[in-house]
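**Q** Take a look at structure_16.cif, mmCIF, C-alpha atoms:
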```
data_target
loop_
_atom_site.label_atom_id
_atom_site.label_comp_id
_atom_site.auth_asym_id
_atom_site.auth_seq_id
_atom_site.Cartn_x
_atom_site.Cartn_y
_atom_site.Cartn_z
CA MET A 174 -15.46 1.19 -29.15
CA LEU A 175 -12.05 1.26 -27.45
CA PHE A 176 -11.52 3.71 -24.57
CA LEU A 177 -8.22 4.89 -23.10
CA ILE A 178 -8.26 4.62 -19.32
CA ASP A 179 -7.06 7.67 -17.41
CA GLN A 180 -5.23 6.01 -14.52
CA ILE A 181 -3.93 9.36 -13.15
CA ASN A 182 -0.26 8.34 -13.51
CA ASN A 183 -0.45 5.99 -10.55
CA THR A 184 2.69 3.85 -10.05
CA GLU A 185 1.57 1.76 -7.06
CA PRO A 186 1.65 -1.87 -8.29
CA SER A 187 -1.15 -3.18 -6.07
CA LEU A 188 -3.42 -0.37 -7.23
CA ASN A 189 -2.68 -0.96 -10.92
CA LEU A 190 -3.32 -4.70 -10.53
CA ALA A 191 -6.59 -3.92 -8.76
CA LEU A 192 -7.49 -1.41 -11.48
CA GLU A 193 -7.05 -4.05 -14.19
CA GLU A 194 -9.30 -6.49 -12.36
CA TYR A 195 -11.90 -3.83 -11.59
CA LEU A 196 -12.07 -2.76 -15.24
CA LEU A 197 -12.43 -6.39 -16.25
CA ARG A 198 -15.25 -7.22 -13.87
CA HIS A 199 -17.25 -4.04 -13.42
CA LEU A 200 -17.23 -1.62 -16.36
CA ASP A 201 -19.67 -1.50 -19.27
CA ILE A 202 -19.43 -4.83 -21.08
CA SER A 203 -20.24 -3.23 -24.42
CA ARG A 204 -17.01 -1.19 -24.32
CA ASP A 205 -13.35 -2.15 -24.66
CA TYR A 206 -10.57 -0.46 -22.73
CA PHE A 207 -6.83 0.16 -23.08
CA LEU A 208 -4.64 0.82 -20.07
CA LEU A 209 -1.02 2.00 -20.11
CA TYR A 210 0.95 2.42 -16.89
CA LEU A 211 4.27 2.26 -15.04
CA ASN A 212 5.02 0.64 -11.69
CA LYS A 213 7.45 1.28 -8.88
CA PRO A 214 10.12 -1.46 -8.54
CA CYS A 215 8.43 -4.77 -7.76
CA VAL A 216 8.22 -8.38 -8.85
CA ILE A 217 4.91 -9.70 -10.18
CA ILE A 218 4.41 -13.45 -10.37
CA GLY A 219 1.88 -15.47 -12.35
CA ARG A 220 -1.37 -16.74 -10.84
CA HIS A 221 -0.12 -20.33 -10.41
CA GLN A 222 3.43 -19.71 -9.24
CA ASN A 223 5.25 -20.28 -5.96
CA VAL A 224 6.95 -17.08 -4.77
CA PHE A 225 9.96 -18.88 -3.33
CA GLU A 226 10.65 -20.86 -6.50
CA GLU A 227 10.65 -17.72 -8.61
CA VAL A 228 12.53 -14.99 -6.76
CA ASN A 229 15.66 -14.40 -4.75
CA TYR A 230 13.58 -13.57 -1.70
CA PRO A 231 16.40 -12.65 0.73
CA LEU A 232 17.63 -10.06 -1.78
CA LEU A 233 14.11 -8.72 -2.34
CA ARG A 234 13.68 -8.28 1.43
CA LYS A 235 17.06 -6.58 1.72
CA ARG A 236 16.16 -4.08 -1.02
CA GLY A 237 12.59 -3.58 0.16
CA ILE A 238 11.11 -4.67 -3.17
CA PRO A 239 7.59 -6.16 -2.84
CA VAL A 240 6.14 -9.21 -4.58
CA PHE A 241 2.61 -9.29 -6.01
CA ARG A 242 0.52 -12.00 -7.63
CA ARG A 243 -1.55 -11.19 -10.73
CA ILE A 244 -4.75 -12.93 -11.87
CA SER A 245 -3.29 -14.15 -15.18
CA GLY A 246 -0.95 -17.08 -15.64
CA GLY A 247 2.57 -17.08 -17.01
CA GLY A 248 5.89 -16.30 -15.41
CA ALA A 249 7.48 -13.85 -12.99
CA VAL A 250 8.46 -10.38 -14.22
CA TYR A 251 10.38 -7.47 -12.75
CA HIS A 252 8.75 -4.03 -13.01
CA ASP A 253 10.29 -0.61 -12.55
CA PRO A 254 9.59 2.87 -13.99
CA GLY A 255 11.54 1.95 -17.13
CA ASN A 256 9.10 -0.84 -17.95
CA VAL A 257 5.84 0.06 -19.73
CA ASN A 258 2.78 -2.07 -19.00
CA PHE A 259 -0.19 -2.30 -21.35
CA SER A 260 -3.59 -3.98 -20.99
CA PHE A 261 -6.47 -4.60 -23.36
CA ILE A 262 -9.77 -5.31 -21.58
CA THR A 263 -12.38 -6.58 -23.98
CA ARG A 264 -15.38 -8.85 -24.49
CA TYR A 265 -14.41 -12.52 -24.42
CA GLN A 266 -14.65 -14.23 -27.79
CA LYS A 267 -13.14 -17.63 -28.46
CA PHE A 268 -10.98 -16.45 -31.35
CA LYS A 269 -9.34 -13.80 -29.11
CA PHE A 270 -8.14 -16.18 -26.40
CA ASN A 271 -4.44 -17.06 -26.85
CA ASN A 272 -4.47 -14.82 -29.93
CA TYR A 273 -1.54 -12.69 -28.83
CA ARG A 274 -0.89 -11.60 -32.40
CA LEU A 275 -4.26 -9.82 -32.45
CA PHE A 276 -3.55 -7.73 -29.35
CA ASN A 277 0.13 -7.15 -30.09
CA ALA A 278 -0.37 -5.97 -33.68
CA PRO A 279 -0.40 -2.23 -32.82
CA ILE A 280 2.49 -2.74 -30.38
CA LEU A 281 4.56 -4.39 -33.12
CA GLN A 282 3.61 -1.62 -35.55
CA ALA A 283 4.76 1.04 -33.08
CA LEU A 284 8.08 -0.71 -32.54
CA GLN A 285 8.65 -1.28 -36.24
CA SER A 286 7.93 2.41 -36.93
CA LEU A 287 10.99 3.12 -34.79
CA GLY A 288 13.11 0.75 -36.88
CA VAL A 289 13.00 -2.02 -34.25
CA PRO A 290 12.61 -5.39 -36.06
CA ALA A 291 10.26 -6.80 -33.43
CA GLU A 292 8.48 -10.12 -33.92
CA LEU A 293 6.11 -12.24 -31.88
CA ASN A 294 7.60 -15.64 -31.11
CA GLY A 295 5.85 -18.99 -30.84
CA ARG A 296 4.86 -18.43 -27.20
CA ASN A 297 3.70 -14.98 -26.15
CA ASP A 298 6.87 -12.88 -26.21
CA ILE A 299 7.98 -10.04 -28.45
CA MET A 300 11.56 -10.63 -29.55
CA VAL A 301 14.27 -8.72 -31.39
CA ASN A 302 17.07 -10.90 -32.76
CA GLN A 303 16.31 -13.59 -30.14
CA LEU A 304 16.32 -11.02 -27.32
CA LYS A 305 13.12 -10.53 -25.33
CA ILE A 306 11.60 -7.06 -24.98
CA SER A 307 8.04 -8.04 -24.00
CA GLY A 308 6.09 -10.83 -22.31
CA ASN A 309 2.32 -11.30 -22.42
CA ALA A 310 -0.40 -13.13 -20.50
CA GLN A 311 -4.20 -13.38 -20.54
CA PHE A 312 -7.10 -13.99 -18.17
CA THR A 313 -10.78 -14.56 -18.88
CA THR A 314 -14.09 -14.49 -17.07
CA HIS A 315 -17.18 -16.01 -18.69
CA ASP A 316 -17.79 -12.86 -20.75
CA ARG A 317 -14.69 -10.63 -20.48
CA MET A 318 -10.95 -10.98 -20.89
CA VAL A 319 -7.71 -9.11 -20.35
CA SER A 320 -4.62 -9.43 -22.54
CA HIS A 321 -1.68 -7.62 -21.00
CA GLY A 322 2.05 -7.33 -21.44
CA THR A 323 5.26 -5.56 -20.60
CA LEU A 324 7.63 -3.46 -22.70
CA LEU A 325 11.22 -3.13 -21.50
CA PHE A 326 12.09 0.41 -22.54
CA SER A 327 14.81 1.54 -20.11
CA SER A 328 14.52 -0.93 -17.26
CA GLU A 329 17.30 -1.86 -14.81
CA LEU A 330 18.12 -5.16 -16.51
CA ASP A 331 20.68 -6.23 -13.90
CA ASN A 332 17.84 -6.46 -11.40
CA ILE A 333 16.03 -8.99 -13.57
CA GLY A 334 18.95 -11.38 -13.40
CA MET A 335 19.54 -10.91 -9.69
CA LEU A 336 16.00 -10.74 -8.34
CA LEU A 337 14.48 -13.47 -10.51
CA HIS A 338 17.37 -15.85 -9.93
CA THR A 339 16.92 -18.55 -7.33
CA SER A 340 17.97 -22.12 -6.68
CA THR A 341 14.97 -24.43 -7.00
CA SER A 342 16.88 -27.66 -6.32
CA GLY A 343 15.21 -28.18 -2.93
CA PHE A 344 11.66 -27.44 -4.10
CA LYS A 345 9.11 -29.82 -5.56
CA SER A 346 5.72 -28.58 -6.66
CA ARG A 347 3.29 -28.41 -9.55
CA ALA A 348 3.63 -24.65 -9.75
CA ILE A 349 4.16 -23.03 -13.14
CA LYS A 350 7.87 -22.33 -13.69
CA SER A 351 9.10 -19.21 -15.43
CA VAL A 352 10.98 -19.59 -18.72
CA ARG A 353 14.09 -17.43 -18.49
CA SER A 354 15.10 -15.40 -21.54
CA THR A 355 17.89 -13.01 -22.41
CA VAL A 356 16.43 -9.51 -22.43
CA VAL A 357 17.27 -6.12 -23.91
CA ASN A 358 15.90 -2.61 -23.53
CA ILE A 359 14.07 -1.06 -26.47
CA SER A 360 15.98 2.18 -25.92
CA GLU A 361 19.23 0.35 -26.70
CA LEU A 362 17.87 -0.69 -30.10
CA LEU A 363 16.98 2.82 -31.30
CA ASP A 364 19.07 4.93 -33.65
CA GLN A 365 17.26 8.05 -32.45
CA SER A 366 16.77 9.80 -29.14
CA LEU A 367 13.38 9.01 -27.59
CA ASP A 368 12.27 9.43 -23.99
CA LEU A 369 9.79 7.20 -22.24
CA ALA A 370 6.93 9.72 -22.36
CA LYS A 371 7.22 9.98 -26.16
CA PHE A 372 7.39 6.19 -26.40
CA LYS A 373 4.12 5.89 -24.45
CA GLU A 374 2.51 8.46 -26.78
CA LEU A 375 3.63 6.41 -29.77
CA ILE A 376 2.08 3.23 -28.36
CA ILE A 377 -1.23 5.03 -27.77
CA LYS A 378 -1.11 6.54 -31.28
CA HIS A 379 -0.83 3.07 -32.86
CA VAL A 380 -3.42 1.45 -30.61
CA PHE A 381 -5.90 4.19 -31.59
CA SER A 382 -4.70 4.58 -35.18
CA ASN A 383 -8.22 4.49 -36.60
CA VAL A 384 -9.55 7.47 -34.62
CA THR A 385 -8.65 11.16 -34.60
CA ASP A 386 -10.10 11.97 -31.19
CA ILE A 387 -9.16 9.30 -28.64
CA PRO A 388 -12.11 8.51 -26.31
CA GLN A 389 -11.12 8.42 -22.67
CA TYR A 390 -12.75 6.86 -19.65
CA ARG A 391 -12.20 8.58 -16.30
CA LEU A 392 -13.08 6.55 -13.26
CA THR A 393 -15.56 8.07 -10.85
CA ALA A 394 -14.83 8.64 -7.16
CA SER A 395 -16.89 5.52 -6.48
CA ASP A 396 -14.81 3.55 -9.00
CA TRP A 397 -11.57 4.60 -7.33
CA LYS A 398 -12.94 3.77 -3.89
CA ASN A 399 -13.68 0.25 -5.09
CA VAL A 400 -10.26 -0.07 -6.75
CA HIS A 401 -8.50 1.00 -3.53
CA SER A 402 -10.62 -1.46 -1.56
CA LEU A 403 -9.68 -4.31 -3.91
CA ALA A 404 -6.00 -3.35 -3.73
CA SER A 405 -6.09 -3.33 0.07
CA GLN A 406 -8.11 -6.50 0.58
CA LYS A 407 -6.48 -8.60 -2.14
CA TYR A 408 -3.33 -7.32 -3.78
CA GLN A 409 -1.71 -6.06 -0.59
CA SER A 410 -2.60 -9.21 1.36
CA TRP A 411 -0.30 -12.04 2.34
CA GLU A 412 -3.13 -14.50 1.68
CA TRP A 413 -3.18 -13.61 -2.03
CA ASN A 414 0.46 -12.86 -2.76
CA PHE A 415 1.94 -15.75 -0.76
CA GLY A 416 -0.90 -17.93 0.50
CA GLU A 417 -2.11 -18.70 -3.03
CA SER A 418 1.19 -20.39 -3.89
CA PRO A 419 0.62 -24.01 -4.94
CA ASP A 420 1.49 -26.56 -2.23
CA PHE A 421 5.13 -27.62 -2.27
CA THR A 422 7.79 -29.59 -0.46
CA PHE A 423 11.26 -28.34 0.37
CA GLN A 424 14.40 -30.21 1.36
CA ASN A 425 17.70 -28.75 2.43
CA ILE A 426 20.92 -30.16 3.83
CA LEU A 427 23.18 -27.78 5.69
CA LYS A 428 26.77 -28.61 6.61
CA THR A 429 27.94 -27.26 9.95
CA PRO A 430 31.18 -27.76 11.92
CA ALA A 431 29.26 -30.22 14.07
CA GLY A 432 27.93 -32.21 11.08
CA LYS A 433 25.05 -32.28 8.62
CA ILE A 434 21.54 -31.10 9.44
CA THR A 435 18.65 -32.11 7.19
CA LEU A 436 15.33 -30.31 6.87
CA GLU A 437 12.26 -31.61 5.06
CA LEU A 438 9.13 -29.49 4.80
CA GLU A 439 5.63 -29.87 3.46
CA VAL A 440 4.02 -26.49 2.85
CA LYS A 441 0.29 -25.99 2.18
CA LYS A 442 -1.24 -22.59 1.46
CA CYS A 443 2.26 -21.28 2.24
CA ARG A 444 2.03 -22.56 5.84
CA LEU A 445 4.24 -25.24 7.41
CA ALA A 446 2.17 -28.44 7.43
CA GLN A 447 4.93 -30.95 8.17
CA ILE A 448 8.46 -30.49 9.46
CA GLU A 449 11.22 -33.09 9.76
CA LEU A 450 14.50 -31.85 11.19
CA SER A 451 17.30 -34.32 11.74
CA GLY A 452 21.04 -34.42 12.21
CA ASN A 453 23.46 -33.20 14.82
CA LEU A 454 20.96 -31.21 16.89
CA PRO A 455 19.80 -32.07 20.42
CA TYR A 456 16.45 -33.87 20.24
CA HIS A 457 14.67 -31.34 22.46
CA ILE A 458 15.69 -28.51 20.12
CA GLN A 459 14.40 -30.43 17.09
CA ALA A 460 11.14 -31.19 18.91
CA ASN A 461 10.67 -27.58 20.03
CA ILE A 462 11.29 -26.16 16.57
CA THR A 463 8.82 -28.61 15.03
CA ARG A 464 6.18 -27.96 17.68
CA MET A 465 6.49 -24.19 17.50
CA LEU A 466 6.43 -23.92 13.71
CA LEU A 467 3.55 -26.14 12.64
CA GLY A 468 0.91 -23.97 10.96
CA VAL A 469 3.21 -20.94 10.78
CA ARG A 470 3.50 -18.95 7.54
CA TYR A 471 6.48 -20.00 5.41
CA HIS A 472 8.20 -16.65 5.64
CA PRO A 473 11.45 -15.64 7.43
CA GLU A 474 9.83 -13.04 9.69
CA ASN A 475 7.00 -15.33 10.75
CA ILE A 476 9.29 -18.28 11.44
CA LEU A 477 11.71 -16.22 13.54
CA ALA A 478 8.80 -14.61 15.42
CA ALA A 479 7.37 -18.06 16.23
CA LEU A 480 10.75 -19.12 17.65
CA GLN A 481 11.33 -16.00 19.76
CA ASP A 482 10.84 -17.94 23.02
CA LEU A 483 14.01 -19.88 22.19
CA ASN A 484 16.00 -16.63 22.55
CA LEU A 485 18.04 -17.28 19.41
CA ASN A 486 21.23 -15.29 18.93
CA SER A 487 22.12 -13.69 15.59
CA GLY A 488 24.10 -16.72 14.46
CA GLN A 489 21.23 -19.08 15.23
CA LYS A 490 18.76 -16.81 13.44
CA HIS A 491 21.03 -16.83 10.38
CA PHE A 492 21.14 -20.63 10.54
CA ILE A 493 17.33 -20.86 10.68
CA GLU A 494 16.93 -18.55 7.67
CA LYS A 495 19.60 -20.41 5.73
CA ILE A 496 18.18 -23.89 6.25
CA PHE A 497 14.53 -22.89 5.77
CA PHE A 498 15.11 -20.57 2.77
CA ASP A 499 17.75 -21.78 0.37
CA ASN A 500 17.55 -18.77 -2.00
CA GLN A 501 21.11 -17.77 -2.79
CA GLU A 502 21.49 -14.07 -2.11
CA LYS A 503 23.93 -12.48 -4.50
#
```
Would you kindly transcribe this structure into structure tokens?
**A**
Amino acid sequence: MLFLIDQINNTEPSLNLALEEYLLRHLDISRDYFLLYLNKPCVIIGRHQNVFEEVNYPLLRKRGIPVFRRISGGGAVYHDPGNVNFSFITRYQKFKFNNYRLFNAPILQALQSLGVPAELNGRNDIMVNQLKISGNAQFTTHDRMVSHGTLLFSSELDNIGMLLHTSTSGFKSRAIKSVRSTVVNISELLDQSLDLAKFKELIIKHVFSNVTDIPQYRLTASDWKNVHSLASQKYQSWEWNFGESPDFTFQNILKTPAGKITLELEVKKCRLAQIELSGNLPYHIQANITRMLLGVRYHPENILAALQDLNLNSGQKHFIEKIFFDNQEK
């Protein structure tokens, strides 16, 4: 039997990610669950991705938009309150894995009932006239699985292009790379007025089309305590969101009035493991930077904090950020 999860209209991304994992690992294995939720603005990357290859991190920092890592694979996605997220948590069976058509059938039916000619493409996306409105991913344990996806209903699409745009020319890694697609909001495809709340009701109606009284599961106080604990210890941690990035190398060449400066980095567990800085810089400065940064987290705030004894001025701090993080801020 399929149960609708009452997630009390929570929009905190780390809590919703923790809720998905908790449902997957700890609830009654004989039951299946459906979860529908919205998130505050954030970027969520796939399990095997490198944050800095996927996002325009300087712009994210400037706007105060957080990055989270999910347990499933796939690419990076932008979430905001105009994006509807759905999850099916069910018993693992071989025929279900990678069977996105099975899980997306009621989603497609709901969209088509609105006159939206939605189709599932050859990967795991729902498309309308070659425009993407939904992406999907899956994760399995030995006996359970989650199949989840997004639905762009009235999202801020400009943010997708800006926040998920980055230059990867200096990076080399075996991390999974996102496949960029042209997107459109479902609300733009409708010939009728429909708000987001009614759209969510329609999705639920089609998911539970074979029952008249939808069974709900309400988490206990103990459940929520465990979900909050998982969110705090894992999904709000640097070690998970950044430290789980696959190892990578980064090279950057910066032209200055005094000449070229070259930086080569080897980064493991998102910490600086090897640093080679060369060019028109005094040797003692190069040596100090290398010595002070080995083992430091590959993150602007951590790098600048580690170099605070050098008493860098604002121009020098800008130089450090620019040469270490070649994400073009727009």
**Q** In Å, how far is it from atom CA of Val240 of chain A to atom CA of Leu192 of chain A?
**A**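 Taking atom CA of Val240 of chain A and atom CA of Leu192 of chain A, their separation equals 17.2 Å.
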**Q** For each of A:Arg220, A:Lys269, A:Lys213, A:Arg264, take the minimum atom-to-atom distance to Leu197 of chain A, counting only C-alpha atoms, then give the residue where this is smallest.
**A** A:Arg264
**Q** Which one is closest to Val352 of chain A: A:Gly237, A:Pro254, A:Pro388, A:Gly308? Count all atoms listed in the file.
**A** A:Gly308
**Q** Set the distance at 7 Å and use only C-alpha atoms: which residues neighbour segment 420-434 of chain A once local chain neighbours fewer than 4 positions away are removed? I'd like the list as an mmCIF file with C-alpha atoms, in the frame of the given file.
**A**
```
data_model
loop_
_atom_site.group_PDB
_atom_site.id
_atom_site.type_symbol
_atom_site.label_atom_id
_atom_site.label_comp_id
_atom_site.auth_asym_id
_atom_site.auth_seq_id
_atom_site.Cartn_x
_atom_site.Cartn_y
_atom_site.Cartn_z
ATOM 1 C CA GLY A 343 15.210 -28.180 -2.930
ATOM 2 C CA PHE A 344 11.660 -27.440 -4.100
ATOM 3 C CA LYS A 345 9.110 -29.820 -5.560
ATOM 4 C CA SER A 346 5.720 -28.580 -6.660
ATOM 5 C CA LEU A 438 9.130 -29.490 4.800
ATOM 6 C CA GLU A 439 5.630 -29.870 3.460
ATOM 7 C CA VAL A 440 4.020 -26.490 2.850
ATOM 8 C CA LYS A 441 0.290 -25.990 2.180
ATOM 9 C CA LYS A 442 -1.240 -22.590 1.460
ATOM 10 C CA CYS A 443 2.260 -21.280 2.240
ATOM 11 C CA SER A 451 17.300 -34.320 11.740
ATOM 12 C CA GLY A 452 21.040 -34.420 12.210
ATOM 13 C CA ASN A 453 23.460 -33.200 14.820
ATOM 14 C CA ILE A 496 18.180 -23.890 6.250
#
```
**Q** Between A:Met318, A:Leu209, A:Ile493, A:Ala278, which one has atoms that come closest to Ser382 of chain A, using all atoms listed in the file?
**A**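 Closest residue, counting all atoms listed in the file: A:Ala278.
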**Q** For each of A:Tyr390, A:Tyr195, A:Phe261, A:Trp397, take the minimum atom-to-atom distance to Asp179 of chain A, counting all atoms listed in the file, then give the residue where this is smallest.
**A**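 With all atoms listed in the file as the atom set, the closest residue is A:Tyr390.
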**Q** Between A:Arg236, A:Lys378, A:Arg243, A:Arg391, single out the one closest to Asn189 of chain A, counting all atoms listed in the file.
**A**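 Residue with the minimum atom-to-atom distance to Asn189 of chain A: A:Arg243.
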**Q** Given the point (6.1, -19.2, -1.9) in the file's coordinates, find the residues that have an atom at most 10 Å from it, counting all atoms listed in the file, and give them as a list in words.
**A** Gln222, Asn223, Val224, Phe225, Glu226, Glu227, Val228, Tyr230, Ala348, Asn414, Phe415, Gly416, Glu417, Ser418, Pro419, Asp420, Phe421, Val440, Lys441, Lys442, Cys443, Arg444, Arg470, Tyr471 and His472 of chain A
**Q** What does the distance between atom CA of Leu369 of chain A and atom CA of Val289 of chain A come to in Å, to one decimal place?
**A** 15.5 Å
**Q** Which residue out of A:Ser366, A:Leu480, A:Leu284, A:Met174 has the minimum interatomic distance to Met300 of chain A when all atoms listed in the file are used?
**A**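 Smallest separation from Met300 of chain A among the options: A:Leu284.
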**Q** If I take atom CA of Gly468 of chain A and atom CA of Glu494 of chain A, how far is one from the other in Å, to one decimal?
**A** 17.2 Å
**Q** Identify all residues satisfying the PyMOL selection byres ((chain A and resi 176) around 12) in the given file; provide them as a count of residues only.
**A** 30
**Q** Enclose the full set of atoms of segment 293-301 of chain A listed in the file within a box whose edges lie along x, y and z, apply 8 Å of padding to each of the six sides, and report centre and edge lengths in Å to one decimal as lines of an AutoDock Vina configuration file.
**A**
```
center_x = 9.0
center_y = -13.9
center_z = -29.0
size_x = 26.6
size_y = 26.3
size_z = 21.7
```
**Q** Please output segment 226-242 of chain A, rebuilt to include N, CA and C atoms, as a PDB file, in the frame of the given file.
**A**
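The resulting file, part.pdb, is reproduced below:
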```pdb
ATOM      1  N   GLU A 226       9.992 -20.198  -5.379  1.00  0.00           N
ATOM      2  CA  GLU A 226      10.650 -20.860  -6.500  1.00  0.00           C
ATOM      3  C   GLU A 226      11.018 -19.879  -7.602  1.00  0.00           C
ATOM      4  N   GLU A 227      10.498 -18.658  -7.513  1.00  0.00           N
ATOM      5  CA  GLU A 227      10.650 -17.720  -8.610  1.00  0.00           C
ATOM      6  C   GLU A 227      11.600 -16.557  -8.321  1.00  0.00           C
ATOM      7  N   VAL A 228      11.776 -16.203  -7.064  1.00  0.00           N
ATOM      8  CA  VAL A 228      12.530 -14.990  -6.760  1.00  0.00           C
ATOM      9  C   VAL A 228      13.644 -15.270  -5.744  1.00  0.00           C
ATOM     10  N   ASN A 229      14.614 -14.399  -5.771  1.00  0.00           N
ATOM     11  CA  ASN A 229      15.660 -14.400  -4.750  1.00  0.00           C
ATOM     12  C   ASN A 229      15.103 -13.612  -3.560  1.00  0.00           C
ATOM     13  N   TYR A 230      14.353 -14.292  -2.710  1.00  0.00           N
ATOM     14  CA  TYR A 230      13.580 -13.570  -1.700  1.00  0.00           C
ATOM     15  C   TYR A 230      14.445 -12.843  -0.666  1.00  0.00           C
ATOM     16  N   PRO A 231      15.559 -13.423  -0.202  1.00  0.00           N
ATOM     17  CA  PRO A 231      16.400 -12.650   0.730  1.00  0.00           C
ATOM     18  C   PRO A 231      16.855 -11.318   0.150  1.00  0.00           C
ATOM     19  N   LEU A 232      17.182 -11.306  -1.151  1.00  0.00           N
ATOM     20  CA  LEU A 232      17.630 -10.060  -1.780  1.00  0.00           C
ATOM     21  C   LEU A 232      16.466  -9.078  -1.935  1.00  0.00           C
ATOM     22  N   LEU A 233      15.286  -9.583  -2.264  1.00  0.00           N
ATOM     23  CA  LEU A 233      14.110  -8.720  -2.340  1.00  0.00           C
ATOM     24  C   LEU A 233      13.844  -8.048  -0.998  1.00  0.00           C
ATOM     25  N   ARG A 234      13.900  -8.835   0.079  1.00  0.00           N
ATOM     26  CA  ARG A 234      13.680  -8.280   1.430  1.00  0.00           C
ATOM     27  C   ARG A 234      14.712  -7.219   1.761  1.00  0.00           C
ATOM     28  N   LYS A 235      15.963  -7.508   1.430  1.00  0.00           N
ATOM     29  CA  LYS A 235      17.060  -6.580   1.720  1.00  0.00           C
ATOM     30  C   LYS A 235      16.856  -5.246   1.003  1.00  0.00           C
ATOM     31  N   ARG A 236      16.346  -5.294  -0.213  1.00  0.00           N
ATOM     32  CA  ARG A 236      16.160  -4.080  -1.020  1.00  0.00           C
ATOM     33  C   ARG A 236      14.782  -3.453  -0.833  1.00  0.00           C
ATOM     34  N   GLY A 237      13.921  -4.124  -0.080  1.00  0.00           N
ATOM     35  CA  GLY A 237      12.590  -3.580   0.160  1.00  0.00           C
ATOM     36  C   GLY A 237      11.706  -3.579  -1.061  1.00  0.00           C
ATOM     37  N   ILE A 238      11.893  -4.569  -1.940  1.00  0.00           N
ATOM     38  CA  ILE A 238      11.110  -4.670  -3.170  1.00  0.00           C
ATOM     39  C   ILE A 238       9.978  -5.672  -2.945  1.00  0.00           C
ATOM     40  N   PRO A 239       8.721  -5.263  -3.118  1.00  0.00           N
ATOM     41  CA  PRO A 239       7.590  -6.160  -2.840  1.00  0.00           C
ATOM     42  C   PRO A 239       7.314  -7.142  -3.969  1.00  0.00           C
ATOM     43  N   VAL A 240       6.587  -8.210  -3.623  1.00  0.00           N
ATOM     44  CA  VAL A 240       6.140  -9.210  -4.580  1.00  0.00           C
ATOM     45  C   VAL A 240       4.619  -9.189  -4.626  1.00  0.00           C
ATOM     46  N   PHE A 241       4.062  -9.253  -5.841  1.00  0.00           N
ATOM     47  CA  PHE A 241       2.610  -9.290  -6.010  1.00  0.00           C
ATOM     48  C   PHE A 241       2.246 -10.427  -6.953  1.00  0.00           C
ATOM     49  N   ARG A 242       1.047 -10.960  -6.752  1.00  0.00           N
ATOM     50  CA  ARG A 242       0.520 -12.000  -7.630  1.00  0.00           C
ATOM     51  C   ARG A 242      -0.562 -11.382  -8.531  1.00  0.00           C
TER      52      ARG A 242
END
```
